[in-house]
$ cat entry-v5.txt   # compact mmCIF, C-alpha atoms (C1' of nucleotides)
# COMPACT_ATOMS: atom_id res chain seq x y z
CA MET A 1 141.82 122.82 72.75
CA SER A 2 141.09 126.50 73.38
CA HIS A 3 137.65 127.79 74.18
CA ASP A 4 137.43 129.48 70.79
CA ALA A 5 138.35 126.29 68.97
CA VAL A 6 135.71 124.28 70.84
CA ARG A 7 133.20 127.05 70.25
CA GLN A 8 133.97 126.95 66.53
CA LYS A 9 133.57 123.20 66.52
CA PHE A 10 130.14 123.61 68.09
CA GLN A 11 129.13 126.14 65.44
CA ASP A 12 130.34 123.82 62.71
CA PHE A 13 128.30 121.03 64.26
CA LEU A 14 125.18 123.21 64.19
CA ALA A 15 125.83 124.11 60.55
CA GLU A 16 126.32 120.48 59.56
CA GLN A 17 123.00 119.59 61.13
CA GLY A 18 121.26 122.45 59.37
CA LEU A 19 120.70 124.18 62.70
CA ARG A 20 121.01 127.88 63.37
CA VAL A 21 123.59 129.64 65.48
CA THR A 22 121.53 131.74 67.89
CA ASN A 23 122.53 134.04 70.72
CA GLN A 24 120.78 131.78 73.19
CA ARG A 25 122.65 128.70 72.02
CA LEU A 26 125.96 130.51 72.26
CA ALA A 27 125.16 131.89 75.71
CA ILE A 28 124.28 128.41 76.94
CA PHE A 29 127.40 127.00 75.31
CA ASP A 30 129.69 129.60 76.89
CA ALA A 31 128.05 129.16 80.29
CA ALA A 32 128.48 125.38 80.09
CA LEU A 33 132.11 125.50 79.03
CA ALA A 34 132.91 127.91 81.85
CA GLN A 35 131.92 125.32 84.47
CA LYS A 36 134.82 123.47 86.00
CA GLU A 37 132.67 121.00 87.93
CA HIS A 38 129.58 118.94 87.19
CA PHE A 39 126.43 120.99 86.77
CA THR A 40 122.71 120.43 86.33
CA ALA A 41 120.34 121.87 83.72
CA GLU A 42 118.98 124.25 86.34
CA GLN A 43 122.43 125.55 87.31
CA LEU A 44 123.28 126.01 83.66
CA LEU A 45 120.12 128.06 83.19
CA VAL A 46 121.23 130.49 85.91
CA HIS A 47 124.68 130.96 84.40
CA ALA A 48 123.37 131.25 80.86
CA LYS A 49 120.81 133.85 81.97
CA ALA A 50 123.68 135.90 83.40
CA ILE A 51 125.15 136.06 79.90
CA ASP A 52 121.89 136.50 78.02
CA ASP A 53 118.78 137.13 80.07
CA SER A 54 116.50 135.96 77.28
CA VAL A 55 117.60 132.33 77.73
CA SER A 56 114.78 130.12 78.95
CA ARG A 57 114.71 126.78 80.70
CA ALA A 58 113.21 125.12 77.63
CA THR A 59 116.07 126.25 75.43
CA VAL A 60 118.61 124.98 77.93
CA TYR A 61 116.97 121.56 77.81
CA ARG A 62 116.81 121.74 74.02
CA THR A 63 120.47 122.76 73.73
CA LEU A 64 121.99 120.20 76.10
CA PRO A 65 121.57 117.30 73.64
CA LEU A 66 123.20 119.44 70.95
CA MET A 67 126.23 119.96 73.15
CA THR A 68 126.54 116.31 74.09
CA GLY A 69 125.95 115.41 70.44
CA SER A 70 128.84 117.60 69.36
CA HIS A 71 130.97 116.11 72.15
CA ALA A 72 131.42 119.44 73.91
CA LEU A 73 129.77 118.01 77.02
CA ARG A 74 129.44 114.59 78.53
CA GLU A 75 126.28 113.49 80.35
CA VAL A 76 126.86 112.05 83.81
CA ASP A 77 123.94 110.17 85.29
CA ILE A 78 124.39 109.11 88.89
CA GLY A 79 120.82 107.88 89.26
CA SER A 80 119.68 110.76 91.43
CA GLY A 81 116.70 112.10 89.52
CA GLU A 82 118.51 114.90 87.77
CA LYS A 83 121.30 114.58 85.26
CA PHE A 84 124.70 116.21 85.50
CA TYR A 85 126.90 117.48 82.71
CA LEU A 86 130.61 118.06 82.42
CA ARG A 87 132.83 119.68 79.85
CA VAL A 88 134.72 117.10 77.80
CA THR A 89 138.42 117.42 78.34
CA ASP A 90 140.29 114.19 77.76
CA SER A 91 138.75 110.87 76.85
CA ASN A 92 135.62 108.98 77.64
CA GLN A 93 137.51 106.53 79.75
CA VAL A 94 136.52 108.04 83.04
CA ALA A 95 134.56 106.72 85.95
CA GLN A 96 132.67 108.62 88.63
CA VAL A 97 133.08 108.18 92.35
CA VAL A 98 130.09 109.70 94.13
CA CYS A 99 130.33 110.47 97.83
CA LEU A 100 127.02 109.59 99.47
CA ASP A 101 127.77 112.00 102.32
CA CYS A 102 128.65 115.17 100.47
CA ASP A 103 127.15 114.44 97.02
CA LYS A 104 130.44 115.37 95.43
CA ILE A 105 131.30 113.68 92.16
CA PHE A 106 134.94 112.78 91.52
CA GLU A 107 136.06 111.86 88.04
CA ILE A 108 138.86 109.37 87.71
CA SER A 109 140.42 107.67 84.76
CA ALA A 110 139.52 104.07 84.06
CA PRO A 111 141.55 103.02 81.06
CA PHE A 112 140.35 99.42 81.06
CA MET A 113 136.69 100.36 80.59
CA GLU A 114 136.75 100.69 76.85
CA TRP A 115 138.45 97.36 76.40
CA TYR A 116 135.92 95.75 78.67
CA GLY A 117 132.97 97.28 76.86
CA SER A 118 134.21 96.05 73.49
CA THR A 119 135.00 92.55 74.66
CA VAL A 120 131.69 92.01 76.30
CA SER A 121 129.49 93.72 73.73
CA LEU A 122 130.97 91.85 70.80
CA LYS A 123 130.41 88.59 72.62
CA LEU A 124 126.70 89.49 72.71
CA GLY A 125 126.60 90.57 69.07
CA LEU A 126 126.46 94.24 69.98
CA LYS A 127 128.52 97.23 68.94
CA PRO A 128 129.63 99.21 72.01
CA VAL A 129 128.66 102.88 71.97
CA ALA A 130 129.52 104.09 75.44
CA GLN A 131 130.27 102.82 78.88
CA ARG A 132 130.14 104.26 82.33
CA LEU A 133 131.38 103.10 85.68
CA GLN A 134 130.13 104.60 88.86
CA VAL A 135 131.29 103.91 92.38
CA SER A 136 129.20 105.00 95.36
CA ALA A 137 131.22 105.63 98.49
CA GLN A 138 131.21 107.32 101.86
CA CYS A 139 133.65 109.85 103.33
CA ILE A 140 135.95 108.19 105.82
CA ALA A 141 136.43 111.57 107.53
CA TYR A 142 132.68 112.00 107.88
CA ARG A 143 132.25 108.53 109.32
CA SER A 144 134.79 109.17 112.06
CA ASN A 145 134.27 112.80 113.07
CA GLY A 146 130.98 113.88 111.50
CA ARG A 147 132.48 116.35 109.09
CA CYS A 148 132.81 115.79 105.39
CA PRO A 149 135.75 117.67 103.91
CA ASN A 150 134.10 117.90 100.51
CA ARG A 151 130.61 118.75 101.64
CA LEU A 152 128.87 121.23 99.38
CA LYS A 153 125.22 121.52 100.31
CA LYS A 154 122.51 120.01 102.56
CA MET B 1 118.59 79.63 97.84
CA SER B 2 114.96 78.49 97.51
CA HIS B 3 112.10 80.92 97.20
CA ASP B 4 110.87 79.97 100.67
CA ALA B 5 114.27 80.62 102.19
CA VAL B 6 114.55 84.03 100.56
CA ARG B 7 111.00 84.80 101.60
CA GLN B 8 111.83 83.89 105.20
CA LYS B 9 114.90 86.08 105.07
CA PHE B 10 112.72 88.97 103.95
CA GLN B 11 110.31 88.39 106.81
CA ASP B 12 113.21 88.25 109.26
CA PHE B 13 114.48 91.51 107.83
CA LEU B 14 111.09 93.15 108.39
CA ALA B 15 110.98 91.85 111.98
CA GLU B 16 114.49 93.14 112.71
CA GLN B 17 113.47 96.58 111.52
CA GLY B 18 110.33 96.54 113.62
CA LEU B 19 108.21 96.44 110.46
CA ARG B 20 105.08 94.39 109.98
CA VAL B 21 104.56 91.46 107.66
CA THR B 22 101.50 92.41 105.63
CA ASN B 23 99.69 90.64 102.82
CA GLN B 24 100.54 93.48 100.48
CA ARG B 25 104.27 93.28 101.22
CA LEU B 26 104.27 89.53 100.68
CA ALA B 27 102.32 89.83 97.44
CA ILE B 28 104.80 92.40 96.15
CA PHE B 29 107.70 90.27 97.29
CA ASP B 30 106.38 87.14 95.59
CA ALA B 31 105.62 89.03 92.40
CA ALA B 32 109.12 90.51 92.35
CA LEU B 33 110.89 87.22 92.95
CA ALA B 34 108.87 85.57 90.20
CA GLN B 35 110.37 87.90 87.58
CA LYS B 36 113.22 86.43 85.61
CA GLU B 37 114.12 89.66 83.84
CA HIS B 38 114.51 93.29 84.82
CA PHE B 39 111.25 94.99 85.74
CA THR B 40 109.97 98.45 86.61
CA ALA B 41 107.88 99.57 89.56
CA GLU B 42 104.87 99.81 87.27
CA GLN B 43 105.30 96.26 85.96
CA LEU B 44 105.70 95.01 89.48
CA LEU B 45 102.43 96.69 90.45
CA VAL B 46 100.58 94.76 87.74
CA HIS B 47 101.99 91.42 88.84
CA ALA B 48 101.47 92.10 92.53
CA LYS B 49 97.86 93.13 91.87
CA ALA B 50 97.33 89.76 90.20
CA ILE B 51 98.24 88.12 93.50
CA ASP B 52 96.50 90.58 95.80
CA ASP B 53 94.23 93.12 94.16
CA SER B 54 94.44 95.44 97.16
CA VAL B 55 98.07 96.33 96.41
CA SER B 56 98.50 99.95 95.43
CA ARG B 57 101.17 101.81 93.53
CA ALA B 58 102.23 103.67 96.67
CA THR B 59 102.87 100.45 98.54
CA VAL B 60 104.93 99.08 95.69
CA TYR B 61 107.13 102.17 95.83
CA ARG B 62 107.30 101.91 99.61
CA THR B 63 108.21 98.22 99.50
CA LEU B 64 110.91 98.36 96.83
CA PRO B 65 113.50 99.94 99.18
CA LEU B 66 112.71 97.26 101.75
CA MET B 67 113.49 94.56 99.22
CA THR B 68 116.70 96.18 98.05
CA GLY B 69 117.61 96.84 101.68
CA SER B 70 117.20 93.16 102.51
CA HIS B 71 119.22 92.28 99.41
CA ALA B 72 116.36 90.41 97.80
CA LEU B 73 116.48 92.79 94.83
CA ARG B 74 119.11 94.88 93.19
CA GLU B 75 118.35 98.30 91.72
CA VAL B 76 119.52 98.79 88.14
CA ASP B 77 119.58 102.35 86.90
CA ILE B 78 120.37 102.73 83.22
CA GLY B 79 119.71 106.47 83.19
CA SER B 80 116.42 106.21 81.33
CA GLY B 81 114.05 107.99 83.67
CA GLU B 82 112.65 104.93 85.34
CA LYS B 83 114.50 102.46 87.52
CA PHE B 84 114.71 98.74 86.96
CA TYR B 85 114.94 95.97 89.52
CA LEU B 86 116.28 92.46 89.38
CA ARG B 87 116.21 89.54 91.75
CA VAL B 88 119.59 89.01 93.42
CA THR B 89 121.06 85.69 92.47
CA ASP B 90 124.82 85.60 92.64
CA SER B 91 127.05 88.53 93.53
CA ASN B 92 127.06 92.25 93.03
CA GLN B 93 129.91 92.06 90.58
CA VAL B 94 127.78 92.40 87.50
CA ALA B 95 127.67 94.95 84.76
CA GLN B 96 124.80 95.81 82.42
CA VAL B 97 124.96 95.93 78.67
CA VAL B 98 122.00 97.88 77.33
CA CYS B 99 121.03 97.55 73.68
CA LEU B 100 120.01 100.97 72.38
CA ASP B 101 117.97 99.33 69.62
CA CYS B 102 115.86 96.88 71.56
CA ASP B 103 116.14 98.29 75.09
CA LYS B 104 117.12 94.87 76.35
CA ILE B 105 119.37 94.74 79.40
CA PHE B 106 121.99 91.99 79.54
CA GLU B 107 123.72 91.23 82.83
CA ILE B 108 127.28 90.03 82.68
CA SER B 109 129.83 89.33 85.34
CA ALA B 110 132.60 91.86 85.92
CA PRO B 111 134.80 90.42 88.65
CA PHE B 112 137.32 93.28 88.55
CA MET B 113 134.78 95.93 89.47
CA GLU B 114 134.93 95.48 93.19
CA TRP B 115 138.71 95.63 93.22
CA TYR B 116 138.58 98.76 91.15
CA GLY B 117 136.04 100.45 93.39
CA SER B 118 138.11 99.77 96.48
CA THR B 119 141.39 100.91 94.98
CA VAL B 120 140.05 104.15 93.69
CA SER B 121 137.78 105.06 96.59
CA LEU B 122 140.46 104.54 99.19
CA LYS B 123 142.80 106.74 97.21
CA LEU B 124 140.21 109.52 97.59
CA GLY B 125 139.63 108.84 101.29
CA LEU B 126 136.29 107.20 100.64
CA LYS B 127 134.82 103.88 101.66
CA PRO B 128 133.28 102.12 98.62
CA VAL B 129 129.65 101.11 99.06
CA ALA B 130 128.65 99.97 95.61
CA GLN B 131 129.75 100.15 92.02
CA ARG B 132 128.04 99.73 88.72
CA LEU B 133 129.25 99.48 85.18
CA GLN B 134 126.99 100.03 82.23
CA VAL B 135 127.77 99.60 78.57
CA SER B 136 125.48 101.05 75.93
CA ALA B 137 125.59 99.24 72.63
CA GLN B 138 123.75 98.63 69.40
CA CYS B 139 122.58 95.38 67.80
CA ILE B 140 124.87 94.39 64.97
CA ALA B 141 122.01 92.42 63.44
CA TYR B 142 119.76 95.46 63.53
CA ARG B 143 122.41 97.67 61.92
CA SER B 144 122.78 95.32 58.98
CA ASN B 145 119.29 94.05 58.27
CA GLY B 146 116.91 96.25 60.22
CA ARG B 147 115.73 93.59 62.64
CA CYS B 148 116.81 93.30 66.23
CA PRO B 149 116.72 89.71 67.47
CA ASN B 150 116.13 90.82 71.04
CA ARG B 151 113.58 93.50 70.36
CA LEU B 152 110.80 93.65 72.92
CA LYS B 153 108.73 96.78 72.39
CA LYS B 154 108.49 99.99 70.36
C1' DA C 1 110.39 135.66 53.18
C1' DT C 2 111.31 131.32 54.84
C1' DC C 3 111.26 128.10 58.20
C1' DG C 4 113.89 126.87 62.20
C1' DT C 5 113.97 128.72 67.11
C1' DT C 6 112.25 130.80 71.18
C1' DG C 7 109.65 131.73 75.68
C1' DC C 8 105.88 130.61 78.10
C1' DA C 9 102.93 127.75 80.35
C1' DA C 10 100.81 123.45 80.26
C1' DA C 11 101.58 118.58 80.00
C1' DG C 12 104.17 114.49 80.86
C1' DT C 13 106.67 110.89 83.53
C1' DA C 14 108.29 108.67 87.56
C1' DT C 15 108.05 108.88 92.27
C1' DT C 16 106.78 110.65 96.95
C1' DT C 17 103.73 112.20 100.50
C1' DG C 18 99.52 113.83 103.60
C1' DC C 19 95.79 111.98 105.65
C1' DA C 20 91.94 109.26 107.18
C1' DT C 21 91.18 104.44 107.55
C1' DC C 22 92.65 99.70 108.06
C1' DG C 23 94.87 95.76 110.21
C1' DG C 24 99.17 93.16 112.48
C1' DT C 25 100.98 92.40 116.78
C1' DA D 1 94.05 98.79 121.57
C1' DC D 2 98.04 100.56 119.78
C1' DC D 3 100.55 102.37 116.27
C1' DG D 4 102.48 101.13 111.94
C1' DA D 5 100.72 100.30 107.04
C1' DT D 6 97.58 101.21 103.41
C1' DG D 7 94.95 103.38 99.38
C1' DC D 8 93.83 107.39 97.37
C1' DA D 9 94.72 111.56 95.34
C1' DA D 10 97.41 115.49 95.46
C1' DA D 11 102.04 117.01 95.34
C1' DT D 12 106.72 116.91 93.83
C1' DA D 13 110.84 117.01 90.77
C1' DC D 14 112.71 117.03 86.46
C1' DT D 15 112.03 117.29 81.68
C1' DT D 16 109.33 117.71 77.37
C1' DT D 17 106.05 119.81 74.28
C1' DG D 18 102.28 122.84 71.80
C1' DC D 19 101.86 127.14 70.05
C1' DA D 20 102.19 131.84 68.47
C1' DA D 21 105.72 135.19 68.03
C1' DC D 22 110.54 135.87 66.75
C1' DG D 23 114.81 136.07 64.07
C1' DA D 24 118.93 133.82 61.40
C1' DT D 25 119.90 132.80 56.80
$ encode --input "entry-v5.txt" --output "structure tokens"
Amino acid sequence: MSHDAVRQKFQDFLAEQGLRVTNQRLAIFDAALAQKEHFTAEQLLVHAKAIDDSVSRATVYRTLPLMTGSHALREVDIGSGEKFYLRVTDSNQVAQVVCLDCDKIFEISAPFMEWYGSTVSLKLGLKPVAQRLQVSAQCIAYRSNGRCPNRLKK
Amino acid sequence: MSHDAVRQKFQDFLAEQGLRVTNQRLAIFDAALAQKEHFTAEQLLVHAKAIDDSVSRATVYRTLPLMTGSHALREVDIGSGEKFYLRVTDSNQVAQVVCLDCDKIFEISAPFMEWYGSTVSLKLGLKPVAQRLQVSAQCIAYRSNGRCPNRLKK
DNA sequence: ATCGTTGCAAAGTATTTGCATCGGT
DNA sequence: ACCGATGCAAATACTTTGCAACGAT
């Protein structure tokens, strides 16, 4: 789906919910969709401010649930204090592999997850809503020579 | 394994690390192992205080990593702000099913998880350390008649 | 002209830390 | 006696919220 189509879908979502289409919301939306990798609320604020300087941190936090609610973004929680977000491309059947050395998050497909969630939830009398699988791992390269090929920060 | 055996293992772990066996650490340990269900740091503080009133919040937070490090407890993060802990009984190959209606956490076995973690991590050049699978679901009973059989709070 | 939306700063929530004192070894 | 461990309160990190001004419909 093109950017414009996804953008339109977001605007339709806002309309359906009786919410207004504001410049700030669109700036945050465009900034979010431009990200190729996982990003935090704080990083999104910086990029959104570059588009529209009037965007505030509060509005970013208030807009993120709207974007996940309209399925434009997916929330990725790796249990590290802050939450990450990622543009929705394919399906929800993805797992995250988090490198403990370089903090990089890899997304990989996990086609069996949905089946598993359904099977197990129904057995408990529950209706599955979402599932997530996260693998924590360490760089083999880092272990052996002290350098992590994917290292970003620190 | 009996409580005494696990307790001894914890004390051995402390000794190995050059750490001291204090009354506070033992009170926190005993309180944690007495819990049958998932608990938070705050809940653990209450129970540990009942055993030894001198236990403080800071010591609970400082002791939790020691207990997970010695594999007496397992950390369970459901992405809800606070972390949960659970006594280790069997293996690590368990997944959590979280009911969005009643906040109850069900633990279920997921024997394929470890295989999956290894396969995928190695493909990325990573050494798997841990994996977790979490399914979010809703009570079917609650959806239909407004009551959740497992409801605890709220 | 409404009434939802915004920015700001203050508040909230979960957890961590500095420091003087305490207590295991 | 040494030096790690503790309680307390302050600090931190991320996110949420109250409120008066703003702006989309």
$ interface_residues --input "entry-v5.txt" --of "chain D" --to "chain B" --cutoff "10 Å" --atoms "all atoms listed in the file" --output "PyMOL selection string"
chain D and resi 4-8+14-15
$ write_last_selection --input "entry-v5.txt" --atoms "C-alpha atoms (C1' of nucleotides)" --output "mmCIF file, in the coordinates of the input"
data_model
loop_
_atom_site.group_PDB
_atom_site.id
_atom_site.type_symbol
_atom_site.label_atom_id
_atom_site.label_comp_id
_atom_site.auth_asym_id
_atom_site.auth_seq_id
_atom_site.Cartn_x
_atom_site.Cartn_y
_atom_site.Cartn_z
ATOM 1 C "C1'" DG D 4 102.480 101.130 111.940
ATOM 2 C "C1'" DA D 5 100.720 100.300 107.040
ATOM 3 C "C1'" DT D 6 97.580 101.210 103.410
ATOM 4 C "C1'" DG D 7 94.950 103.380 99.380
ATOM 5 C "C1'" DC D 8 93.830 107.390 97.370
ATOM 6 C "C1'" DC D 14 112.710 117.030 86.460
ATOM 7 C "C1'" DT D 15 112.030 117.290 81.680
#
$ interface_residues --input "entry-v5.txt" --of "chain C" --to "chain B" --cutoff "9 Å" --atoms "only C-alpha atoms (C1' of nucleotides)" --output "compact mmCIF listing (two decimals) with C-alpha atoms (C1' of nucleotides), keeping the file's coordinate frame"
# COMPACT_ATOMS: atom_id res chain seq x y z
C1' DT C 13 106.67 110.89 83.53
C1' DA C 14 108.29 108.67 87.56
C1' DT C 15 108.05 108.88 92.27
C1' DT C 16 106.78 110.65 96.95
C1' DG C 23 94.87 95.76 110.21
C1' DG C 24 99.17 93.16 112.48
C1' DT C 25 100.98 92.40 116.78
$ interface_residues --input "entry-v5.txt" --of "chain B" --to "chain A" --cutoff "10 Å" --atoms "all atoms listed in the file" --output "VMD selection string"
chain B and resid 76 to 83 95 to 101 106 108 to 110 113 to 114 116 to 118 120 to 122 124 to 143
$ write_last_selection --input "entry-v5.txt" --atoms "C-alpha atoms" --output "mmCIF file, keeping the file's coordinate frame"
data_model
loop_
_atom_site.group_PDB
_atom_site.id
_atom_site.type_symbol
_atom_site.label_atom_id
_atom_site.label_comp_id
_atom_site.auth_asym_id
_atom_site.auth_seq_id
_atom_site.Cartn_x
_atom_site.Cartn_y
_atom_site.Cartn_z
ATOM 1 C CA VAL B 76 119.520 98.790 88.140
ATOM 2 C CA ASP B 77 119.580 102.350 86.900
ATOM 3 C CA ILE B 78 120.370 102.730 83.220
ATOM 4 C CA GLY B 79 119.710 106.470 83.190
ATOM 5 C CA SER B 80 116.420 106.210 81.330
ATOM 6 C CA GLY B 81 114.050 107.990 83.670
ATOM 7 C CA GLU B 82 112.650 104.930 85.340
ATOM 8 C CA LYS B 83 114.500 102.460 87.520
ATOM 9 C CA ALA B 95 127.670 94.950 84.760
ATOM 10 C CA GLN B 96 124.800 95.810 82.420
ATOM 11 C CA VAL B 97 124.960 95.930 78.670
ATOM 12 C CA VAL B 98 122.000 97.880 77.330
ATOM 13 C CA CYS B 99 121.030 97.550 73.680
ATOM 14 C CA LEU B 100 120.010 100.970 72.380
ATOM 15 C CA ASP B 101 117.970 99.330 69.620
ATOM 16 C CA PHE B 106 121.990 91.990 79.540
ATOM 17 C CA ILE B 108 127.280 90.030 82.680
ATOM 18 C CA SER B 109 129.830 89.330 85.340
ATOM 19 C CA ALA B 110 132.600 91.860 85.920
ATOM 20 C CA MET B 113 134.780 95.930 89.470
ATOM 21 C CA GLU B 114 134.930 95.480 93.190
ATOM 22 C CA TYR B 116 138.580 98.760 91.150
ATOM 23 C CA GLY B 117 136.040 100.450 93.390
ATOM 24 C CA SER B 118 138.110 99.770 96.480
ATOM 25 C CA VAL B 120 140.050 104.150 93.690
ATOM 26 C CA SER B 121 137.780 105.060 96.590
ATOM 27 C CA LEU B 122 140.460 104.540 99.190
ATOM 28 C CA LEU B 124 140.210 109.520 97.590
ATOM 29 C CA GLY B 125 139.630 108.840 101.290
ATOM 30 C CA LEU B 126 136.290 107.200 100.640
ATOM 31 C CA LYS B 127 134.820 103.880 101.660
ATOM 32 C CA PRO B 128 133.280 102.120 98.620
ATOM 33 C CA VAL B 129 129.650 101.110 99.060
ATOM 34 C CA ALA B 130 128.650 99.970 95.610
ATOM 35 C CA GLN B 131 129.750 100.150 92.020
ATOM 36 C CA ARG B 132 128.040 99.730 88.720
ATOM 37 C CA LEU B 133 129.250 99.480 85.180
ATOM 38 C CA GLN B 134 126.990 100.030 82.230
ATOM 39 C CA VAL B 135 127.770 99.600 78.570
ATOM 40 C CA SER B 136 125.480 101.050 75.930
ATOM 41 C CA ALA B 137 125.590 99.240 72.630
ATOM 42 C CA GLN B 138 123.750 98.630 69.400
ATOM 43 C CA CYS B 139 122.580 95.380 67.800
ATOM 44 C CA ILE B 140 124.870 94.390 64.970
ATOM 45 C CA ALA B 141 122.010 92.420 63.440
ATOM 46 C CA TYR B 142 119.760 95.460 63.530
ATOM 47 C CA ARG B 143 122.410 97.670 61.920
#
$ axis_aligned_box --input "entry-v5.txt" --around "range 74-92 of chain A" --padding-each-side "5 Å" --output "lines of an AutoDock Vina configuration file"
center_x = 128.5
center_y = 113.8
center_z = 84.1
size_x = 33.6
size_y = 21.8
size_z = 24.6
$ residues_around --input "entry-v5.txt" --residues "DA10 in chain D" --least-positions-apart "2" --cutoff "10 Å" --atoms "all atoms listed in the file" --output "PDB file with C-alpha atoms (C1' of nucleotides), in the coordinates of the input"
ATOM      1  C1'  DT C  17     103.730 112.200 100.500  1.00  0.00           C
ATOM      2  C1'  DG C  18      99.520 113.830 103.600  1.00  0.00           C
TER       3       DG C  18
ATOM      4  C1'  DC D   8      93.830 107.390  97.370  1.00  0.00           C
ATOM      5  C1'  DT D  12     106.720 116.910  93.830  1.00  0.00           C
TER       6       DT D  12
END
$ residues_near_point --input "entry-v5.txt" --point "(128.9, 118.8, 90.5)" --cutoff "8 Å" --atoms "all atoms listed in the file" --output "PyMOL selection string"
chain A and resi 37-40+84+104-105
$ write_last_selection --input "entry-v5.txt" --atoms "C-alpha atoms" --output "mmCIF file, in the frame of the given file"
data_model
loop_
_atom_site.group_PDB
_atom_site.id
_atom_site.type_symbol
_atom_site.label_atom_id
_atom_site.label_comp_id
_atom_site.auth_asym_id
_atom_site.auth_seq_id
_atom_site.Cartn_x
_atom_site.Cartn_y
_atom_site.Cartn_z
ATOM 1 C CA GLU A 37 132.670 121.000 87.930
ATOM 2 C CA HIS A 38 129.580 118.940 87.190
ATOM 3 C CA PHE A 39 126.430 120.990 86.770
ATOM 4 C CA THR A 40 122.710 120.430 86.330
ATOM 5 C CA PHE A 84 124.700 116.210 85.500
ATOM 6 C CA LYS A 104 130.440 115.370 95.430
ATOM 7 C CA ILE A 105 131.300 113.680 92.160
#
$ atom_distance --input "entry-v5.txt" --atom1 "C1' of DT21 in chain C" --atom2 "CA of Val60 in chain B"
18.9 Å
$ residues_near_point --input "entry-v5.txt" --point "(96.8, 122.5, 80.8)" --cutoff "12 Å" --atoms "all atoms listed in the file" --output "list in words"
DA9, DA10, DA11 and DG12 of chain C; DT17 and DG18 of chain D
